[in-house]
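One file, target-v8.cif, carrying mmCIF, C-alpha atoms and all ligand atoms:
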data_entry
#
loop_
_atom_site.group_PDB
_atom_site.id
_atom_site.type_symbol
_atom_site.label_atom_id
_atom_site.label_comp_id
_atom_site.auth_asym_id
_atom_site.auth_seq_id
_atom_site.Cartn_x
_atom_site.Cartn_y
_atom_site.Cartn_z
ATOM 1 C CA MET A 1 -46.717 29.933 35.490
ATOM 2 C CA ARG A 2 -46.372 26.201 36.181
ATOM 3 C CA ASN A 3 -44.992 24.898 39.475
ATOM 4 C CA VAL A 4 -42.093 22.458 39.408
ATOM 5 C CA LEU A 5 -40.672 20.686 42.442
ATOM 6 C CA VAL A 6 -36.949 19.867 42.170
ATOM 7 C CA THR A 7 -35.569 17.634 44.910
ATOM 8 C CA GLY A 8 -31.915 18.079 45.817
ATOM 9 C CA GLY A 9 -32.134 21.517 44.247
ATOM 10 C CA SER A 10 -29.598 23.198 46.516
ATOM 11 C CA ARG A 11 -26.402 22.255 44.694
ATOM 12 C CA GLY A 12 -24.855 20.241 41.864
ATOM 13 C CA ILE A 13 -27.172 18.928 39.178
ATOM 14 C CA GLY A 14 -30.364 19.856 41.058
ATOM 15 C CA LEU A 15 -29.271 23.479 41.432
ATOM 16 C CA ALA A 16 -28.509 23.647 37.692
ATOM 17 C CA ILE A 17 -31.995 22.275 36.964
ATOM 18 C CA ALA A 18 -33.738 24.634 39.396
ATOM 19 C CA ARG A 19 -31.832 27.624 38.071
ATOM 20 C CA ARG A 20 -32.472 26.797 34.418
ATOM 21 C CA LEU A 21 -36.206 26.259 34.878
ATOM 22 C CA ALA A 22 -36.664 29.386 37.010
ATOM 23 C CA ALA A 23 -34.644 31.534 34.577
ATOM 24 C CA SER A 24 -36.797 30.351 31.645
ATOM 25 C CA GLY A 25 -39.678 32.416 33.008
ATOM 26 C CA ASP A 26 -42.054 29.493 32.329
ATOM 27 C CA TYR A 27 -41.832 27.866 35.725
ATOM 28 C CA ASN A 28 -42.116 28.656 39.380
ATOM 29 C CA VAL A 29 -39.569 26.355 40.993
ATOM 30 C CA VAL A 30 -39.585 24.916 44.500
ATOM 31 C CA ALA A 31 -36.139 23.515 45.292
ATOM 32 C CA VAL A 32 -36.047 20.996 48.132
ATOM 33 C CA ALA A 33 -33.071 19.896 50.228
ATOM 34 C CA ARG A 34 -32.138 19.680 53.875
ATOM 35 C CA ARG A 35 -30.305 23.007 53.837
ATOM 36 C CA GLU A 36 -30.414 26.036 51.592
ATOM 37 C CA SER A 37 -27.022 26.682 49.983
ATOM 38 C CA GLU A 38 -25.545 30.116 49.346
ATOM 39 C CA GLU A 39 -25.626 29.394 45.596
ATOM 40 C CA LEU A 40 -29.331 28.648 45.725
ATOM 41 C CA ALA A 41 -30.073 31.778 47.753
ATOM 42 C CA ALA A 42 -28.100 33.817 45.191
ATOM 43 C CA ALA A 43 -29.896 32.160 42.269
ATOM 44 C CA ALA A 44 -33.260 32.861 43.918
ATOM 45 C CA GLY A 45 -32.288 36.525 44.022
ATOM 46 C CA GLU A 46 -31.480 36.511 40.285
ATOM 47 C CA THR A 47 -34.693 34.891 39.109
ATOM 48 C CA GLN A 48 -37.300 37.420 40.152
ATOM 49 C CA ARG A 49 -38.862 35.254 42.813
ATOM 50 C CA HIS A 50 -39.470 32.252 40.521
ATOM 51 C CA LEU A 51 -37.194 30.109 42.660
ATOM 52 C CA HIS A 52 -38.047 29.120 46.241
ATOM 53 C CA PHE A 53 -36.373 26.900 48.794
ATOM 54 C CA ARG A 54 -38.287 24.623 51.130
ATOM 55 C CA ALA A 55 -36.456 22.382 53.578
ATOM 56 C CA CYS A 56 -37.259 18.698 53.894
ATOM 57 C CA ASP A 57 -35.186 15.667 54.800
ATOM 58 C CA LEU A 58 -36.526 13.322 52.149
ATOM 59 C CA GLY A 59 -34.708 10.436 53.790
ATOM 60 C CA ALA A 60 -37.258 10.723 56.603
ATOM 61 C CA THR A 61 -39.920 9.240 54.358
ATOM 62 C CA GLU A 62 -42.683 9.484 56.987
ATOM 63 C CA THR A 63 -42.614 13.276 56.639
ATOM 64 C CA ILE A 64 -43.161 13.231 52.863
ATOM 65 C CA PRO A 65 -47.011 13.152 52.759
ATOM 66 C CA ALA A 66 -47.295 16.268 54.965
ATOM 67 C CA PHE A 67 -44.518 17.983 53.022
ATOM 68 C CA ALA A 68 -46.222 17.285 49.665
ATOM 69 C CA LYS A 69 -49.468 18.646 51.077
ATOM 70 C CA SER A 70 -47.837 21.811 52.400
ATOM 71 C CA VAL A 71 -46.221 22.570 49.032
ATOM 72 C CA ARG A 72 -49.518 22.129 47.233
ATOM 73 C CA ASN A 73 -51.346 24.303 49.766
ATOM 74 C CA GLU A 74 -48.746 27.029 49.465
ATOM 75 C CA PHE A 75 -48.063 27.033 45.703
ATOM 76 C CA GLY A 76 -51.061 25.276 44.125
ATOM 77 C CA ALA A 77 -51.021 22.517 41.494
ATOM 78 C CA ILE A 78 -47.636 20.936 40.806
ATOM 79 C CA TYR A 79 -47.018 20.414 37.094
ATOM 80 C CA GLY A 80 -43.464 19.089 37.199
ATOM 81 C CA LEU A 81 -41.738 16.780 39.644
ATOM 82 C CA VAL A 82 -37.984 16.281 39.244
ATOM 83 C CA HIS A 83 -36.525 13.643 41.554
ATOM 84 C CA ASN A 84 -32.875 14.514 41.718
ATOM 85 C CA ALA A 85 -31.903 14.193 45.407
ATOM 86 C CA GLY A 86 -29.604 11.243 45.816
ATOM 87 C CA ILE A 87 -26.572 10.004 47.683
ATOM 88 C CA GLY A 88 -23.799 7.669 46.640
ATOM 89 C CA THR A 89 -21.498 5.462 48.589
ATOM 90 C CA ASP A 90 -18.055 4.390 47.521
ATOM 91 C CA GLY A 91 -17.247 1.022 48.914
ATOM 92 C CA LEU A 92 -17.375 -2.672 48.316
ATOM 93 C CA LEU A 93 -20.631 -4.275 49.406
ATOM 94 C CA ALA A 94 -18.860 -6.504 51.909
ATOM 95 C CA THR A 95 -17.539 -3.488 53.819
ATOM 96 C CA MET A 96 -20.728 -1.411 53.841
ATOM 97 C CA HIS A 97 -22.717 -1.017 57.038
ATOM 98 C CA ASN A 98 -26.342 -2.086 56.809
ATOM 99 C CA SER A 99 -27.365 1.364 58.011
ATOM 100 C CA GLU A 100 -25.554 2.941 55.006
ATOM 101 C CA ILE A 101 -27.315 0.567 52.633
ATOM 102 C CA GLU A 102 -30.689 1.369 54.185
ATOM 103 C CA SER A 103 -30.133 5.152 54.117
ATOM 104 C CA LEU A 104 -29.157 5.031 50.470
ATOM 105 C CA ILE A 105 -32.174 2.979 49.450
ATOM 106 C CA ARG A 106 -34.451 5.184 51.559
ATOM 107 C CA LEU A 107 -33.360 8.410 49.866
ATOM 108 C CA ASN A 108 -32.669 7.153 46.334
ATOM 109 C CA VAL A 109 -35.624 4.783 45.969
ATOM 110 C CA LEU A 110 -38.282 5.073 48.668
ATOM 111 C CA SER A 111 -38.404 8.865 48.793
ATOM 112 C CA PRO A 112 -39.062 9.365 45.047
ATOM 113 C CA ILE A 113 -41.670 6.613 45.051
ATOM 114 C CA ILE A 114 -43.519 8.014 48.069
ATOM 115 C CA LEU A 115 -43.274 11.645 46.955
ATOM 116 C CA THR A 116 -44.542 10.648 43.511
ATOM 117 C CA LYS A 117 -47.504 8.874 45.076
ATOM 118 C CA TYR A 118 -48.629 12.030 46.860
ATOM 119 C CA VAL A 119 -47.926 14.416 43.985
ATOM 120 C CA ALA A 120 -49.079 12.249 41.036
ATOM 121 C CA ARG A 121 -52.479 11.722 42.653
ATOM 122 C CA HIS A 122 -53.158 15.426 42.228
ATOM 123 C CA MET A 123 -51.576 15.505 38.775
ATOM 124 C CA MET A 124 -54.079 12.815 37.779
ATOM 125 C CA ALA A 125 -56.955 14.933 39.048
ATOM 126 C CA ASP A 126 -55.461 17.968 37.259
ATOM 127 C CA GLY A 127 -55.098 15.900 34.042
ATOM 128 C CA ALA A 128 -51.514 17.033 33.419
ATOM 129 C CA GLY A 129 -48.011 16.565 34.738
ATOM 130 C CA ARG A 130 -44.421 15.744 33.936
ATOM 131 C CA ILE A 131 -42.208 13.571 36.110
ATOM 132 C CA VAL A 132 -38.459 13.260 35.589
ATOM 133 C CA ASN A 133 -36.298 10.916 37.676
ATOM 134 C CA ILE A 134 -32.539 11.307 37.751
ATOM 135 C CA SER A 135 -31.095 7.808 37.399
ATOM 136 C CA SER A 136 -27.502 7.082 36.307
ATOM 137 C CA ILE A 137 -25.574 5.243 33.614
ATOM 138 C CA VAL A 138 -24.282 2.871 36.312
ATOM 139 C CA ALA A 139 -27.795 1.388 36.474
ATOM 140 C CA SER A 140 -26.981 -0.344 33.189
ATOM 141 C CA THR A 141 -23.172 -0.353 33.008
ATOM 142 C CA GLY A 142 -22.275 -1.497 36.508
ATOM 143 C CA TYR A 143 -19.299 -0.163 38.486
ATOM 144 C CA SER A 144 -17.268 -1.862 41.181
ATOM 145 C CA GLY A 145 -17.864 -0.119 44.522
ATOM 146 C CA LEU A 146 -21.259 1.226 43.493
ATOM 147 C CA SER A 147 -23.417 -1.890 43.676
ATOM 148 C CA VAL A 148 -26.034 -0.503 46.074
ATOM 149 C CA TYR A 149 -26.078 2.869 44.325
ATOM 150 C CA ALA A 150 -26.451 1.113 40.942
ATOM 151 C CA ALA A 151 -29.304 -0.984 42.343
ATOM 152 C CA SER A 152 -31.077 2.188 43.501
ATOM 153 C CA LYS A 153 -30.692 3.858 40.109
ATOM 154 C CA ALA A 154 -31.879 0.733 38.260
ATOM 155 C CA ALA A 155 -34.925 0.679 40.555
ATOM 156 C CA LEU A 156 -35.706 4.249 39.560
ATOM 157 C CA ALA A 157 -35.476 3.361 35.861
ATOM 158 C CA GLY A 158 -37.848 0.419 36.336
ATOM 159 C CA PHE A 159 -40.224 2.592 38.360
ATOM 160 C CA THR A 160 -40.191 5.160 35.554
ATOM 161 C CA ARG A 161 -41.138 2.704 32.812
ATOM 162 C CA SER A 162 -44.045 1.150 34.718
ATOM 163 C CA LEU A 163 -45.423 4.375 36.173
ATOM 164 C CA ALA A 164 -45.457 5.870 32.668
ATOM 165 C CA ARG A 165 -47.924 3.133 31.723
ATOM 166 C CA GLU A 166 -50.073 3.714 34.837
ATOM 167 C CA VAL A 167 -50.512 7.458 34.436
ATOM 168 C CA GLY A 168 -50.152 8.005 30.693
ATOM 169 C CA ARG A 169 -53.881 7.755 30.041
ATOM 170 C CA VAL A 170 -54.455 11.052 31.828
ATOM 171 C CA GLY A 171 -51.658 12.822 29.991
ATOM 172 C CA ILE A 172 -48.842 12.569 32.531
ATOM 173 C CA THR A 173 -45.383 11.732 31.200
ATOM 174 C CA VAL A 174 -42.721 9.936 33.259
ATOM 175 C CA ASN A 175 -39.113 9.755 32.128
ATOM 176 C CA ALA A 176 -35.677 9.241 33.595
ATOM 177 C CA ILE A 177 -32.335 10.762 32.741
ATOM 178 C CA ALA A 178 -29.153 8.733 33.113
ATOM 179 C CA PRO A 179 -26.254 11.157 33.431
ATOM 180 C CA GLY A 180 -22.656 10.061 33.032
ATOM 181 C CA PHE A 181 -19.948 11.313 35.371
ATOM 182 C CA ILE A 182 -20.509 14.975 36.310
ATOM 183 C CA ASP A 183 -18.202 16.986 38.549
ATOM 184 C CA THR A 184 -20.190 17.714 41.751
ATOM 185 C CA GLU A 185 -19.770 17.134 45.490
ATOM 186 C CA LEU A 186 -21.106 13.615 44.988
ATOM 187 C CA THR A 187 -18.193 12.668 42.757
ATOM 188 C CA ARG A 188 -15.369 14.597 44.469
ATOM 189 C CA SER A 189 -13.673 11.343 45.480
ATOM 190 C CA LEU A 190 -12.626 10.711 41.865
ATOM 191 C CA ASP A 191 -9.291 12.410 41.212
ATOM 192 C CA GLU A 192 -8.280 14.477 38.217
ATOM 193 C CA GLU A 193 -6.657 11.517 36.440
ATOM 194 C CA GLY A 194 -9.815 9.423 36.928
ATOM 195 C CA ARG A 195 -11.889 12.182 35.347
ATOM 196 C CA ARG A 196 -9.493 12.497 32.418
ATOM 197 C CA ARG A 197 -9.646 8.744 31.921
ATOM 198 C CA ILE A 198 -13.459 8.769 31.673
ATOM 199 C CA ALA A 199 -13.328 11.758 29.325
ATOM 200 C CA ARG A 200 -10.757 10.032 27.065
ATOM 201 C CA ARG A 201 -12.998 6.972 26.779
ATOM 202 C CA SER A 202 -16.104 8.998 25.903
ATOM 203 C CA ALA A 203 -17.194 9.391 22.295
ATOM 204 C CA LEU A 204 -17.083 13.192 22.641
ATOM 205 C CA ARG A 205 -13.789 13.157 24.634
ATOM 206 C CA HIS A 206 -15.144 15.307 27.436
ATOM 207 C CA LEU A 207 -17.457 15.009 30.427
ATOM 208 C CA PRO A 208 -21.048 16.244 30.492
ATOM 209 C CA GLU A 209 -21.939 19.104 32.840
ATOM 210 C CA ALA A 210 -24.842 19.689 35.215
ATOM 211 C CA GLY A 211 -26.266 22.188 32.725
ATOM 212 C CA ASP A 212 -26.573 19.416 30.110
ATOM 213 C CA VAL A 213 -28.886 17.484 32.434
ATOM 214 C CA ALA A 214 -30.813 20.703 33.118
ATOM 215 C CA SER A 215 -31.308 21.185 29.364
ATOM 216 C CA MET A 216 -32.758 17.704 29.043
ATOM 217 C CA VAL A 217 -35.110 18.269 31.988
ATOM 218 C CA GLU A 218 -36.272 21.524 30.419
ATOM 219 C CA TYR A 219 -36.902 19.720 27.150
ATOM 220 C CA LEU A 220 -38.894 16.914 28.782
ATOM 221 C CA LEU A 221 -41.026 19.417 30.709
ATOM 222 C CA GLY A 222 -41.640 21.530 27.643
ATOM 223 C CA GLU A 223 -43.652 21.163 24.446
ATOM 224 C CA GLY A 224 -40.978 18.907 22.882
ATOM 225 C CA GLY A 225 -41.521 16.336 25.635
ATOM 226 C CA ARG A 226 -45.243 15.893 25.201
ATOM 227 C CA ASN A 227 -44.920 12.542 23.388
ATOM 228 C CA ILE A 228 -41.917 11.212 25.255
ATOM 229 C CA THR A 229 -42.709 8.876 28.132
ATOM 230 C CA GLY A 230 -41.374 5.705 29.737
ATOM 231 C CA THR A 231 -37.838 6.353 28.486
ATOM 232 C CA VAL A 232 -34.413 6.650 30.086
ATOM 233 C CA VAL A 233 -32.427 9.323 28.275
ATOM 234 C CA THR A 234 -28.654 9.056 28.564
ATOM 235 C CA VAL A 235 -26.692 12.309 28.955
ATOM 236 C CA ASP A 236 -23.078 11.119 29.172
ATOM 237 C CA ALA A 237 -21.107 12.652 26.279
ATOM 238 C CA GLY A 238 -21.004 9.132 24.830
ATOM 239 C CA SER A 239 -19.156 7.429 27.689
ATOM 240 C CA THR A 240 -21.378 4.364 27.192
ATOM 241 C CA ALA A 241 -21.599 4.644 23.381
HETATM 242 P P1 LIG B 301 -24.838 16.484 45.101
HETATM 243 O O1 LIG B 301 -24.302 15.703 46.241
HETATM 244 O O2 LIG B 301 -24.020 17.575 44.536
HETATM 245 O O3 LIG B 301 -26.278 17.113 45.505
HETATM 246 C C1 LIG B 301 -27.233 16.311 46.136
HETATM 247 C C2 LIG B 301 -28.462 17.122 46.450
HETATM 248 O O4 LIG B 301 -29.405 16.285 47.144
HETATM 249 C C3 LIG B 301 -28.181 18.321 47.364
HETATM 250 O O5 LIG B 301 -29.046 19.367 47.023
HETATM 251 C C4 LIG B 301 -28.515 17.773 48.743
HETATM 252 O O6 LIG B 301 -28.821 18.834 49.648
HETATM 253 C C5 LIG B 301 -29.741 16.903 48.399
HETATM 254 N N1 LIG B 301 -29.983 15.883 49.407
HETATM 255 C C6 LIG B 301 -29.106 14.961 49.881
HETATM 256 N N2 LIG B 301 -29.674 14.248 50.857
HETATM 257 C C7 LIG B 301 -30.955 14.729 51.003
HETATM 258 C C8 LIG B 301 -32.038 14.416 51.857
HETATM 259 N N3 LIG B 301 -31.940 13.444 52.805
HETATM 260 N N4 LIG B 301 -33.180 15.101 51.731
HETATM 261 C C9 LIG B 301 -33.308 16.099 50.814
HETATM 262 N N5 LIG B 301 -32.315 16.433 49.964
HETATM 263 C C10 LIG B 301 -31.157 15.761 50.077
HETATM 264 O O7 LIG B 301 -25.225 15.409 43.977
HETATM 265 P P2 LIG B 301 -25.293 15.527 42.370
HETATM 266 O O8 LIG B 301 -25.790 16.853 41.974
HETATM 267 O O9 LIG B 301 -24.032 15.015 41.816
HETATM 268 O O10 LIG B 301 -26.386 14.413 42.045
HETATM 269 C C11 LIG B 301 -27.745 14.689 41.837
HETATM 270 C C12 LIG B 301 -28.422 13.430 41.343
HETATM 271 O O11 LIG B 301 -27.820 13.011 40.125
HETATM 272 C C13 LIG B 301 -28.305 12.241 42.316
HETATM 273 O O12 LIG B 301 -29.501 11.521 42.318
HETATM 274 C C14 LIG B 301 -27.178 11.427 41.710
HETATM 275 O O13 LIG B 301 -27.279 10.077 42.056
HETATM 276 C C15 LIG B 301 -27.434 11.654 40.219
HETATM 277 N N6 LIG B 301 -26.280 11.419 39.384
HETATM 278 C C16 LIG B 301 -25.119 12.151 39.575
HETATM 279 C C17 LIG B 301 -24.022 11.910 38.771
HETATM 280 C C18 LIG B 301 -22.734 12.636 38.938
HETATM 281 O O14 LIG B 301 -21.745 12.238 38.287
HETATM 282 N N7 LIG B 301 -22.652 13.690 39.744
HETATM 283 C C19 LIG B 301 -24.064 10.907 37.687
HETATM 284 C C20 LIG B 301 -25.338 10.237 37.565
HETATM 285 C C21 LIG B 301 -26.386 10.486 38.381
HETATM 286 P P3 LIG B 301 -28.664 18.676 51.246
HETATM 287 O O15 LIG B 301 -27.415 17.931 51.490
HETATM 288 O O16 LIG B 301 -28.682 20.083 51.796
HETATM 289 O O17 LIG B 301 -29.893 17.940 51.704
#

As structure tokens, how would this structure be written, given the file I've shared?
Amino acid sequence: MRNVLVTGGSRGIGLAIARRLAASGDYNVVAVARRESEELAAAAGETQRHLHFRACDLGATETIPAFAKSVRNEFGAIYGLVHNAGIGTDGLLATMHNSEIESLIRLNVLSPIILTKYVARHMMADGAGRIVNISSIVASTGYSGLSVYAASKAALAGFTRSLAREVGRVGITVNAIAPGFIDTELTRSLDEEGRRRIARRSALRHLPEAGDVASMVEYLLGEGGRNITGTVVTVDAGSTA
């Protein structure tokens, strides 16, 4: 069974990914977040011990090398790395505190880059691996009030494309997924009418769900993803079509 590390796996999109991969029976999943949620604990109970929680504040980037080492020591080679942990901030740039800007960039950009450095090194020695970064459609569409968040997600897309070229020769794939609006804690500030408006403007007239992102992650980690690398796959029910 292959080990997959899913950051931000305690709720929302990350929980859907962790659950889906663990339930497939093909993967042993290590979900990472600051706190274990009740939903994750329940899901771990349902998946015959293929789903584990390990706590780490990924915003404290100096702790990442030791954390990556401890996961490898405990579980063995990591085949899949899904960078999903992320925070958003609603607010115009002019009103944001510098500390908010720095925290966002630290978690959304620095932490995936540093964690990848320590995990991909071993993937290269193992000669196999799949990396999936959760970006966002706002990286390419833009959205007032999300400038710093959009910058962080665009950085992740750029990181994905270049890293794919660096590590492809040893058989590692690196892709990103750009979800559209998905109802989670991150997006609770958008009211019902706002959600309906986005759905109305989407080609498919509805919003995607966390499970749709999980399906794409499963595909990229599986046999179907073996020749897909350096791409950003949009999962947005056609809101940007
Ligand atoms: P949620 O807020 O629901 O979940 C975020 C997850 O990240 C939680 O598990 C949280 O756990 C974890 N997390 C937050 N801070 C840290 C930290 N410092 N260290 C470790 N883990 C942390 O977000 P979503 O599920 O909505 O989003 C997941 C990803 O998808 C994000 O990267 C987001 O930007 C992206 N995305 C989301 C969209 C949406 O519409 N929802 C659209 C496009 C992209 P804990 O707090 O316990 O640490």

Inset, instruction - For region 6-11 of chain A, list every protein, DNA or RNA residue within 8 Å, evaluated using all atoms listed in the file, and leave out those in the same chain fewer than 2 positions away; present the list as a list in words. - result: Val4, Ile13, Gly14, Leu15, Ala16, Ile17, Ala18, Val29, Val30, Ala31, Val32, Ala33, Arg35, Glu36, Ser37, Glu39, Leu40, Leu81, Val82, His83, Asn84, Ala85 and Gly86 of chain A

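Residue nearest ligand LIG 301 (chain B), chosen from A:Leu58, A:Ala120, A:Leu207, A:Leu110 and counting only C-alpha atoms and all ligand atoms: A:Leu58.
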
So that all listed atoms of region 182-199 of chain A fit with 6 Å spare on each side, what axis-aligned box centre and edge lengths in Å, to one decimal, would you give as JSON?
{"center_x": -13.9, "center_y": 13.2, "center_z": 37.4, "size_x": 26.4, "size_y": 21.0, "size_z": 28.2}

Inset, instruction - Report the distance between CA of Lys117 (chain A) and atom O7 of ligand LIG 301 (chain B) in Å, rounded to one decimal place. - result: 23.2 Å

Ref. answer, residues at most 10 Å from (-36.5, 12.1, 55.8) with only C-alpha atoms, as a short mmCIF file (atom, residue, chain, number, x, y, z; two decimals) with C-alpha atoms, in the frame of the given file:
data_model
loop_
_atom_site.label_atom_id
_atom_site.label_comp_id
_atom_site.auth_asym_id
_atom_site.auth_seq_id
_atom_site.Cartn_x
_atom_site.Cartn_y
_atom_site.Cartn_z
CA ARG A 34 -32.14 19.68 53.88
CA CYS A 56 -37.26 18.70 53.89
CA ASP A 57 -35.19 15.67 54.80
CA LEU A 58 -36.53 13.32 52.15
CA GLY A 59 -34.71 10.44 53.79
CA ALA A 60 -37.26 10.72 56.60
CA THR A 61 -39.92 9.24 54.36
CA GLU A 62 -42.68 9.48 56.99
CA THR A 63 -42.61 13.28 56.64
CA ILE A 64 -43.16 13.23 52.86
CA SER A 103 -30.13 5.15 54.12
CA ARG A 106 -34.45 5.18 51.56
CA LEU A 107 -33.36 8.41 49.87
CA SER A 111 -38.40 8.86 48.79
#

Legend entry - Which residue of A:Met123, A:Ile78, A:Leu156, A:Ala68 approaches ligand LIG 301 (chain B) most closely, using only C-alpha atoms and all ligand atoms: A:Leu156

Inset, instruction - Could you tell me which residues the PyMOL selection byres (((chain A and resi 230) around 8) and not hetatm) returns for this structure, as JSON, numbers by chain? - result: {"A": [160, 161, 162, 163, 164, 165, 173, 174, 175, 176, 228, 229, 231, 232]}

Inset, instruction - Would you kindly return, as a VMD selection string, each protein, DNA or RNA residue with an atom no farther than 12 Å from any atom of Gln48 (chain A), considering only C-alpha atoms and excluding same-chain residues fewer than 4 positions away? - result: chain A and resid 19 22 to 25 27 to 29 41 to 44 52

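Nearest-residue note for ligand LIG 301 (chain B): choosing from A:Thr116, A:Thr184, A:Thr234, A:Ser140, the minimum distance belongs to A:Thr184, counting only C-alpha atoms and all ligand atoms.
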
Legend entry - From A:Asp26, A:Glu74, A:Glu209, A:Glu192, residue lying nearest ligand LIG 301 (chain B) [all atoms listed in the file]: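 Checking each of A:Asp26, A:Glu74, A:Glu209, A:Glu192 against ligand LIG 301 (chain B), counting all atoms listed in the file, the winner is A:Glu209.
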
Inset, instruction - Could you jot down the CA of Asp90 (chain A) to CA of Ser215 (chain A) separation for me, Å, one decimal place? - result: 28.1 Å

Legend entry - Minimum-distance residue to ligand LIG 301 (chain B), chosen among A:Ser70, A:Thr95, A:Ser152, A:Ser144 (using only C-alpha atoms and all ligand atoms):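 Smallest separation from ligand LIG 301 (chain B) among the options: A:Ser152.
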
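Here, the PyMOL selection byres (((chain A and resi 202) around 12) and not hetatm) matches Gly180, Phe181, Arg195, Arg196, Arg197, Ile198, Ala199, Arg200, Arg201, Ala203, Leu204, Arg205, His206, Leu207, Pro208, Val235, Asp236, Ala237, Gly238, Ser239, Thr240 and Ala241 of chain A.
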